[in-house]
Amino acid sequence: MGRLFYVYERATGIFCAEILDPKTGARIASRSTGSRDRDQAVIIANDWALHGLPAPGNARRSVADTASIDEILRLVRKAPLSAADATRIVRELTTRGLVDLEARTVKKGPSSELFNEWLIKFWEYNSSAYIAERLAHGQRATKRHCQDMAGRSKEIGRLIPPGLSLGEVKRSHLVAVGLALKAKGLAPATINKDLSAATTALRWAAANEIIPMDPTRGLRSFSGKKNRRGILDPAEAKALFSSTWSDDRARVANLTSATTGIRLGEVLAIQRQDIGDDRLYVRHSYSIKDGLKSTKTGEEREVPLLPAVRSALLALDAKNLLALEKKKLTMSEADYILFSSPERFVFVGRYPDKPIDPNRILIGLRKALVSM
């Protein structure tokens, strides 16, 4: 028996496997293993070569069957077929219930589903096969990201021709969507993000053989001059944090972010135990959709903490504890323990297991800028 597969690393750092026909040595399939570890990728490729390639519906298709289908496709591409020959092939597929000869479309399978409906379900965190695959390979996938992509998918659905099925989507449809978004005056980066909700889904569908071809191939991204973001100079920043804020939690949160560079979600996730003598331990992030989670990079880190900022964080925490003592008699024992533990949120909200709404911090900043 000849070699069964090759494993190679892509520019992204993820390893792919090329499965070979054991009889001819010809390449019959190329799949991403989803792993950045070569040894793990070899194990996955070996499993595919011995037990079959993943197929839609959690099924497996043997390498021999895949090679046979690949050979059929090669013959169809190269054979001198006439219109009559093509009709005979379609009729045979119709007999097996795979093709509707009258409509000339695939009758069964997810490719016959309306594209806009399929796209929304593709980004449903709890039921998406794509999300399940990413999580299984240890890759990042958050509920907040899925919610964002689902919103972009709805916008795309309004721009796609009504009644268009997944299997009928062409590159021209995606080009038309991009131009329609451009006509709305959206920034190039926004258009690319909107389109990514569809292109990511379609590439996955093509890679998993749900649709016969990838309609995103050759699709161009939008580029152009980005709107320059304003930034406060040192004098303006000093004036901002010296002014009176309507919500002191918003002031301390923005002060912490401005002096440490940590993200809003990481600010919300600060716990009392994260405040060191001269540094801040960034261990978590927080979003309303996902709750307490790892940082964006998945790694913990330490950032320098200025004495004045540390004092502001501790003062806010002390204020929370003072308010806690006043509410002690009306709280459950479990809530009191959580509020007073080292894992308590510094930017705590109404409930002990959740920080304040991030919009409170943003609104507080905007009010302070206006008053300044």
# chains A, B, ... in the order shown; residues from 1 in each chain; ligands from 1
$ select_by_dssp --residues "range 301-372 of chain A" --states "strand (DSSP E)" --output "list of chain:residue names"
A:Arg301, A:Glu302, A:Val303, A:Pro304
$ residues_around --residues "range 61-67 of chain A" --least-positions-apart "5" --cutoff "12 Å" --atoms "only C-alpha atoms" --output "ChimeraX atom specification"
/A:4-5,18-30,45-56,72-74,208-209
$ atom_distance --atom1 "CA of Thr94 in chain A" --atom2 "CA of Arg31 in chain A"
29.5 Å
$ closest_residue --among "A:Ala206, A:Ala269, A:Leu174, A:Leu93" --to "Lys354 in chain A" --atoms "only C-alpha atoms"
A:Ala269
$ closest_residue --among "A:Arg283, A:Val175, A:Ser68, A:Trp118" --to "Leu202 in chain A" --atoms "only C-alpha atoms"
A:Trp118
